[in-house]
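Here is the structure we will look at.
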Amino acid sequence: MKKRLSKLSGSQAFWPVMIFLAIILFNTIMTRGEFLTISIVDGHFYGRIIDIFRNGGKLMILAAGMTMVLATGGTDISVGSVMAISGAIACSIINGNLLPGLGGNVAMAIILAILAGVTCGLWNGFLVSQIKIQPIVATMILLVAGRGIAQLITNGKIITINSDAYYFINGGYILGLPFPLYIVLFLVGLLLLFVQKTAFGLFLESIGCNPLASKFAGIKVNKFLLAIYTISGAFASVAGLIESAGIKGADCNNAGLNIELDAILAVAIGGTNLMGGRFSIFSSVIGALIVQSITTTVLALGVPAAYIRVLKAVLIIVICLAQSSKFKVSLGKIFVGKRGRKEAVAL
Amino acid sequence: MSHVKLLTMEGISKSFGKAVVALDDVRFELEKGEIHALLGENGAGKSTLIKVLTGVEERDEGEVELEGEKIHPRSTNEAQQIGISTVYQEVNLCPNLSVAENIYIGRAPRQKFGGIDWARMNKDAEELLGRFDLKLDVTKSLDNYSVAIQQMVAIARASDIKARVLILDEPTSSLSNVEVDKLFSIMKRLRQEGMGIIFVTHFLDQVYEVTDRITVLRNGRYIGTYKTSELTRMELVSKMIGKDYASLNKSLQESREEKKETKAGNVFINMKKVSHQGSINDMDLTISRGEVLGLSGLLGSGRSETARVLFGIDQVTGGELEINGEKVHLKHPLDAIKKDLAFCPENRKTEGIIGDLSIRDNIALALQAKKGLFKKISKKEAQKIADEYIKKLEIKTPSADQLIKNLSGGNQQKVILARWLATNPQLLMLDEPTRGIDIGTKAEIQKIVIDLAAQGMAVLFISSELDEELRCCKRIVVLKDMERAGEVAGDEISEGAVMQIMAGGEAS
Ligand SMILES: Nc1ncnc2c1ncn2[C@@H]1O[C@H](COP(=O)(O)OP(=O)(O)OP(=O)(O)O)[C@@H](O)[C@H]1O
Ligand SMILES: [Mg+2]
């Protein structure tokens with residue numbers, strides 16, 4: 001039993017899950033239980049918890065893609081702009097401004113928006129793996145240019161559309177649960193399955209840790225990098241669809257603004273080393289839930305939204321400290337004296 | 001120098017977690033003006049003792065005194081300030097700083113107004129390196145230079161710091177004979193000046209050449225301290241490995257006898273006038289199944305470069321390469337691996353180990369790459385393979401779960417060897433496979449290589465230790481200036497014959 005417990009606490013997802021539960025508990029106490037209540041209206045579940053899952057959908061998807069990019073020792077700061085592009089393309093097609101020949105076909109709009117995301121990802125991957133530009137610089141190009149591209153697509157206007165089919169992506173319900181949740185389950189599940197069933201995880205960690213030695217061991221590092229940035233781009237475009245379905249239109253200036261930072265924060269909270277190497281997609285998804293629930297908490301407590309940023313800053317500091325083994329050692333010294341020190345490091 | 005105690009370490013213990021006891025009640029004593037060898041098998045605890053002494057690792061127990069004063073440095077910097085200067089086993093310089101910056105980092109000469117005096121720093125650096133007969137452009141970044149040169153820069157840096165104790169952890173593992181000689185003359189001069197030097201190495205010749213005393217560790221325990229002149233080589237080795245050296249030597253002898261009888265099979269690798277711009281020229285080379293072919297030559301003669309081309313790391317720019325009678329174009333190591341080639345590179349830290357992965361993953365990596373992304377090796381299978389090699393190569397670790405970066409240098413080397421043996425190759429290329437490996441294991445690895453060849457594997461063996469090549473190879477090709485200079489085979493093989501070709505004259 002004790003062994004099982006220590007194995008559990010040794011897993012990367014342990015602390016993120018604990019933190020998430022703690023935040024929920026905190027909220028439950030603060031709201032005297034109201035936080036946990038789930039009401040059923042028209043067979044749909046409503047409640048704060050459901051909100052966290054629904055509104056956190058985008059971030060969970062982005063965090064899953066970002067985890068892999070960060071695991072290779074890279075980063076992708078263009079995801080917010082890719083979201084804007086994808087929303088712009090989908091909405092422009094649906095309202096007939098773009099490719100009127102499609103007659104506003106929602107399915108085609110979605111497919112083309114995702115294809116655009118794939119293209120953006122390929123571009124990032126190409127810059128990083130072939131031209132060898134530092135990832136932060138390479139993806140900065142799309143971060144900056146992406147919104148411009150989105151505005152070109154929408155002629156610089158905010159588009160509103162009228163399509164129930166498209167709204168369903170964010171607002172729909174299946175079996176009482178919001179539709180974004182199913183998208184998350186599908187994408188993250190697919191990814192987890194892929195990591196589980198293939199050697200992808202091993203290769204990814206290996207590349208993140210030592211790309212040269214990985215190449216010498218027979219791993220096609222460049223091909224993997226290309227694939228990973230492409231997946232990140234594709235995931236970002238899906239997140240963009242959810243966001244634009246939520247606002248029932250495309251707003252190129254604000255869609256996914258600064259969300260890349262939240263995504264990176266989510267991965268960091270999940271305990272993946274941002275310098276590359278060991279990673280856990282599941283933990284990052286929990287990390288995304290934590291980031292989302294903090295936002296919800298602050299709003300629930302009636303704190304002005306402006307404080308969310310301050311709170312996040314504090315959170316980042318705490319996480320950085322928690323990840324620094326040196327800090328853990330000294331903390332361990334203070335609390336448990338000499339004997340507990342190694343256990344503290346093992347955290 | 002009369003015997004003045006400089007440094008004493010008493011009752012030093014250090015463990016990592018519950019499973020690894022790296023040091024157990026170890027004692028060590030250094031006198032002024034002596035060179036003191038610290039010896040032991042891979043994983044005996046030599047590097048850990050040094051890290052504990054210099055504050056890289058916190059000791060669990062024990063006392064350290066420097067000239068009668070209790071010391072407890074918490075970092076390399078602090079150790080340096082009280083006069084302990086160290087070159088660690090893994091070179092820890094900054095590859096993207098200039099050579100001069102690396103030498104004077106943290107103690108750069110200043111101008112009047114506090115700015116760094118670059119001109120003076122560069123001049124001082126040149127002068128210092130001059131003492132080692134090194135002429136480098138000190139303003140170039142360090143990663144422009146080979147590992148050997150980087151090692152020399154680290155040594156120069158350490159010896160320049162006004163220190164009472166100089167520690168050198170396997171400084172000679174990547175140096176050529178000439179460079180080793182220069183290092184030794186400098187060590188002797190520093191000894192004259194009264195410095196105490198701790199010298200870790202696996203080359204026993206060097207131990208007998210420069211050291212005054214020897215301390216032996218085994219499995220983290222103190223075995224004893226001896227005068228070098230009073231301890232025979234046989235005695236020393238038995239103390240290190242804890243069993244009779246004669247038995248070890250005998251089994252190698254038997255393998256070698258066998259080697260004489262086995263015949264080389266058909267040609268597996270055929271290089272026809274193969275070139276790679278800037279590294280090898282018109283190389284003609286054949287390697288047959290069942291033979292251990294030695295590649296010999298000075299640093300930069302094209303030994304490693306030949307292996308890199310064969311492994312698809314560098315592309316063929318001229319000539320033809322045939323593997324198993326089939327013309328091939330290798331564009332990536334994976335192409336070579338799929339043709340059943342394997343390559344253990346010389347640069348363990350940068351080209352070999354994946355530090356943050358477990359031993360198990362490190363061993364399974366190349367096999368997994370060979371099988372492809374979708375044929376995942378199950379954890380159970382990988383565990384089985386890892387356990388097999390941990391046993392076979394006597395890798396010293398509590399379990400296959402251990403991160404490879406936590407292994408001692410020699411044991412890391414064994415894991416990389418295991419990685420390639422696990423792919424079951426037809427051609428095994430070994431570039432300095434026994435670098436940093438202790439004498440017992442060295443014999444073991446040589447035996448494995450000979451046995452593998454006897455079973456029909458082709459082996460390309462590159463080693464700067466000529467006697468090692470003489471022992472393992474039936475044919476040695478000598479390279480010079482990126483070209484093939486000659487070959488010796490069979491009964492002609494001797495140190496003299498190889499040296500003669502290296503020096504310029506083709507042997508008969
Ligand atoms: N950070 C660490 N975590 C866990 N185990 C460690 C760590 N550092 C060293 N060890 C273990 O301590 C033992 C002693 O290692 P050490 O590096 O001192 O050996 P060494 O005598 O220097 O060997 P070599 O000749 O191979 O360099 C080894 O078993 C090694 O695996
Ligand atoms: Mg060592």
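To be explicit about the labels: the chains of the structure tokens are called A, B, and onward in the order shown, and within each one the residues are counted from 1, while ligands get numbers from 1 in the order they are shown.
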
**Message:** At a cut-off of 10 Å, which residues of chain A touch chain B? Count only C-alpha atoms and give the answer as a count of residues only.
**Reply:** 34

Check which residues of chain B sit at most 10 Å from ligand 2 using only C-alpha atoms and all ligand atoms, and return one row each with the closest pair of atoms and their distance in Å to one decimal, ordered by chain and rising number, as JSON lines.
```
{"residue": "B:Leu39", "atom": "CA", "partner": "ligand 2", "partner_atom_place_in_ligand_line": "1 (Mg)", "distance": 9.8}
{"residue": "B:Gly40", "atom": "CA", "partner": "ligand 2", "partner_atom_place_in_ligand_line": "1 (Mg)", "distance": 9.3}
{"residue": "B:Glu41", "atom": "CA", "partner": "ligand 2", "partner_atom_place_in_ligand_line": "1 (Mg)", "distance": 9.1}
{"residue": "B:Asn42", "atom": "CA", "partner": "ligand 2", "partner_atom_place_in_ligand_line": "1 (Mg)", "distance": 6.9}
{"residue": "B:Gly43", "atom": "CA", "partner": "ligand 2", "partner_atom_place_in_ligand_line": "1 (Mg)", "distance": 6.9}
{"residue": "B:Ala44", "atom": "CA", "partner": "ligand 2", "partner_atom_place_in_ligand_line": "1 (Mg)", "distance": 8.1}
{"residue": "B:Gly45", "atom": "CA", "partner": "ligand 2", "partner_atom_place_in_ligand_line": "1 (Mg)", "distance": 7.0}
{"residue": "B:Lys46", "atom": "CA", "partner": "ligand 2", "partner_atom_place_in_ligand_line": "1 (Mg)", "distance": 5.5}
{"residue": "B:Ser47", "atom": "CA", "partner": "ligand 2", "partner_atom_place_in_ligand_line": "1 (Mg)", "distance": 4.1}
{"residue": "B:Thr48", "atom": "CA", "partner": "ligand 2", "partner_atom_place_in_ligand_line": "1 (Mg)", "distance": 7.2}
{"residue": "B:Leu49", "atom": "CA", "partner": "ligand 2", "partner_atom_place_in_ligand_line": "1 (Mg)", "distance": 9.3}
{"residue": "B:Ile50", "atom": "CA", "partner": "ligand 2", "partner_atom_place_in_ligand_line": "1 (Mg)", "distance": 8.9}
{"residue": "B:Lys51", "atom": "CA", "partner": "ligand 2", "partner_atom_place_in_ligand_line": "1 (Mg)", "distance": 9.8}
{"residue": "B:Tyr88", "atom": "CA", "partner": "ligand 2", "partner_atom_place_in_ligand_line": "1 (Mg)", "distance": 8.5}
{"residue": "B:Gln89", "atom": "CA", "partner": "ligand 2", "partner_atom_place_in_ligand_line": "1 (Mg)", "distance": 6.1}
{"residue": "B:Glu90", "atom": "CA", "partner": "ligand 2", "partner_atom_place_in_ligand_line": "1 (Mg)", "distance": 8.7}
{"residue": "B:Asp169", "atom": "CA", "partner": "ligand 2", "partner_atom_place_in_ligand_line": "1 (Mg)", "distance": 6.7}
{"residue": "B:Glu170", "atom": "CA", "partner": "ligand 2", "partner_atom_place_in_ligand_line": "1 (Mg)", "distance": 7.3}
{"residue": "B:Val200", "atom": "CA", "partner": "ligand 2", "partner_atom_place_in_ligand_line": "1 (Mg)", "distance": 7.9}
{"residue": "B:Thr201", "atom": "CA", "partner": "ligand 2", "partner_atom_place_in_ligand_line": "1 (Mg)", "distance": 8.8}
{"residue": "B:His202", "atom": "CA", "partner": "ligand 2", "partner_atom_place_in_ligand_line": "1 (Mg)", "distance": 9.8}
{"residue": "B:Leu407", "atom": "CA", "partner": "ligand 2", "partner_atom_place_in_ligand_line": "1 (Mg)", "distance": 9.0}
{"residue": "B:Ser408", "atom": "CA", "partner": "ligand 2", "partner_atom_place_in_ligand_line": "1 (Mg)", "distance": 5.4}
{"residue": "B:Gly409", "atom": "CA", "partner": "ligand 2", "partner_atom_place_in_ligand_line": "1 (Mg)", "distance": 5.3}
{"residue": "B:Gly410", "atom": "CA", "partner": "ligand 2", "partner_atom_place_in_ligand_line": "1 (Mg)", "distance": 7.2}
{"residue": "B:Asn411", "atom": "CA", "partner": "ligand 2", "partner_atom_place_in_ligand_line": "1 (Mg)", "distance": 9.3}
{"residue": "B:Gly436", "atom": "CA", "partner": "ligand 2", "partner_atom_place_in_ligand_line": "1 (Mg)", "distance": 8.1}
{"residue": "B:Ile437", "atom": "CA", "partner": "ligand 2", "partner_atom_place_in_ligand_line": "1 (Mg)", "distance": 9.6}
```

Any chance you could export the current selection's C-alpha atoms as a PDB file, in the first residue's frame?
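And here is the file that came out, out32.pdb:
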```pdb
ATOM      1  CA  LEU B  39      42.622   4.534  -8.626  1.00  0.00           C
ATOM      2  CA  GLY B  40      39.792   2.055  -8.814  1.00  0.00           C
ATOM      3  CA  GLU B  41      37.376   0.358 -11.148  1.00  0.00           C
ATOM      4  CA  ASN B  42      34.543   2.152 -12.923  1.00  0.00           C
ATOM      5  CA  GLY B  43      32.091   3.264 -10.307  1.00  0.00           C
ATOM      6  CA  ALA B  44      34.547   2.793  -7.456  1.00  0.00           C
ATOM      7  CA  GLY B  45      33.801   6.314  -6.283  1.00  0.00           C
ATOM      8  CA  LYS B  46      36.785   8.321  -7.497  1.00  0.00           C
ATOM      9  CA  SER B  47      34.844  11.111  -9.133  1.00  0.00           C
ATOM     10  CA  THR B  48      32.400  11.211  -6.257  1.00  0.00           C
ATOM     11  CA  LEU B  49      35.231  11.644  -3.763  1.00  0.00           C
ATOM     12  CA  ILE B  50      36.477  14.568  -5.791  1.00  0.00           C
ATOM     13  CA  LYS B  51      33.023  16.089  -6.079  1.00  0.00           C
ATOM     14  CA  TYR B  88      36.408  17.341 -13.777  1.00  0.00           C
ATOM     15  CA  GLN B  89      35.972  14.156 -15.757  1.00  0.00           C
ATOM     16  CA  GLU B  90      33.377  15.718 -18.008  1.00  0.00           C
ATOM     17  CA  ASP B 169      39.961  13.522 -13.037  1.00  0.00           C
ATOM     18  CA  GLU B 170      40.901  11.392 -16.062  1.00  0.00           C
ATOM     19  CA  VAL B 200      42.728   9.946 -11.572  1.00  0.00           C
ATOM     20  CA  THR B 201      43.375   7.677 -14.527  1.00  0.00           C
ATOM     21  CA  HIS B 202      42.858   4.200 -15.894  1.00  0.00           C
ATOM     22  CA  LEU B 407      26.418   6.490 -13.783  1.00  0.00           C
ATOM     23  CA  SER B 408      30.169   6.761 -13.550  1.00  0.00           C
ATOM     24  CA  GLY B 409      31.891   7.649 -16.811  1.00  0.00           C
ATOM     25  CA  GLY B 410      33.079   4.148 -17.593  1.00  0.00           C
ATOM     26  CA  ASN B 411      29.684   2.653 -16.942  1.00  0.00           C
ATOM     27  CA  GLY B 436      37.728   5.782 -19.490  1.00  0.00           C
ATOM     28  CA  ILE B 437      37.120   2.093 -18.880  1.00  0.00           C
TER      29      ILE B 437
END
```

**Request:** Name the residues in contact with Tyr182 in chain A at a cut-off of 12 Å, using only C-alpha atoms, excluding same-chain residues fewer than 6 positions from it; report them as a PyMOL selection string.
**Result:** chain A and resi 53-54+57-58+60-61+168-176+188-190+242

**Separation of CA of Gly43 in chain A from CA of Tyr166 in chain A, in Å and rounded to one decimal** =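 Straight-line distance from CA of Gly43 in chain A to CA of Tyr166 in chain A works out to 21.1 Å.
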
**Request:** Please identify which residues in range 101-322 of chain B DSSP calls alpha helix (DSSP H) from the backbone, and express them as a ChimeraX atom specification.
**Result:** /B:101-104,118-130,147-160,177-192,204-210,233-241,245-261,303-310

**Prompt:** Quick one: of B:Ser174, B:Gln413, B:Gln446, B:Asn406, who's nearest to ligand 1, counting only C-alpha atoms and all ligand atoms?
**Reply:** B:Asn406

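Among the candidate residues B:Ala156, B:Ile197, B:Ile395, B:Ile476, the one lying nearest to ligand 1 is B:Ile395, with distances computed using only C-alpha atoms and all ligand atoms.
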
**Prompt:** Which residues, written as a list in words, have at least one atom at most 12 Å from Val310 in chain A, with only C-alpha atoms counted and residues fewer than 6 positions away on the same chain left out?
**Reply:**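 Surrounding residues, per the criterion: Ile294, Thr295, Val298, Val303, Pro304, Ile316 and Ile317 of chain A.
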
The selected residues should be written to file as a PDB file, in the first residue's frame (atoms: N, CA and C atoms).
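Resulting contents of result.pdb:
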```
ATOM      1  N   ILE A 294      -8.206  28.937 -12.155  1.00  0.00           N
ATOM      2  CA  ILE A 294      -7.790  30.149 -11.447  1.00  0.00           C
ATOM      3  C   ILE A 294      -8.574  31.349 -11.967  1.00  0.00           C
ATOM      4  N   THR A 295      -8.685  31.422 -13.292  1.00  0.00           N
ATOM      5  CA  THR A 295      -9.473  32.493 -13.887  1.00  0.00           C
ATOM      6  C   THR A 295     -10.908  32.453 -13.356  1.00  0.00           C
ATOM      7  N   VAL A 298     -11.089  33.572  -9.644  1.00  0.00           N
ATOM      8  CA  VAL A 298     -10.971  35.007  -9.450  1.00  0.00           C
ATOM      9  C   VAL A 298     -12.288  35.686  -9.805  1.00  0.00           C
ATOM     10  N   VAL A 303     -13.259  39.258  -7.745  1.00  0.00           N
ATOM     11  CA  VAL A 303     -12.049  40.077  -7.863  1.00  0.00           C
ATOM     12  C   VAL A 303     -12.000  40.641  -9.285  1.00  0.00           C
ATOM     13  N   PRO A 304     -11.597  41.900  -9.428  1.00  0.00           N
ATOM     14  CA  PRO A 304     -11.520  42.471 -10.771  1.00  0.00           C
ATOM     15  C   PRO A 304     -10.623  41.621 -11.673  1.00  0.00           C
ATOM     16  N   ILE A 316       3.330  31.623 -11.273  1.00  0.00           N
ATOM     17  CA  ILE A 316       4.536  31.255 -12.017  1.00  0.00           C
ATOM     18  C   ILE A 316       5.735  31.194 -11.072  1.00  0.00           C
ATOM     19  N   ILE A 317       5.820  32.176 -10.183  1.00  0.00           N
ATOM     20  CA  ILE A 317       6.946  32.190  -9.245  1.00  0.00           C
ATOM     21  C   ILE A 317       6.922  30.931  -8.387  1.00  0.00           C
TER      22      ILE A 317
END
```

**Request:** Could you pull out the residues in range 96-342 of chain B that DSSP calls strand (DSSP E) from the backbone, as a PyMOL selection string?
**Result:** chain B and resi 165-169+196-200+213-218+221-227+267-276+280-288+292-296+318-323+326-327+341-342
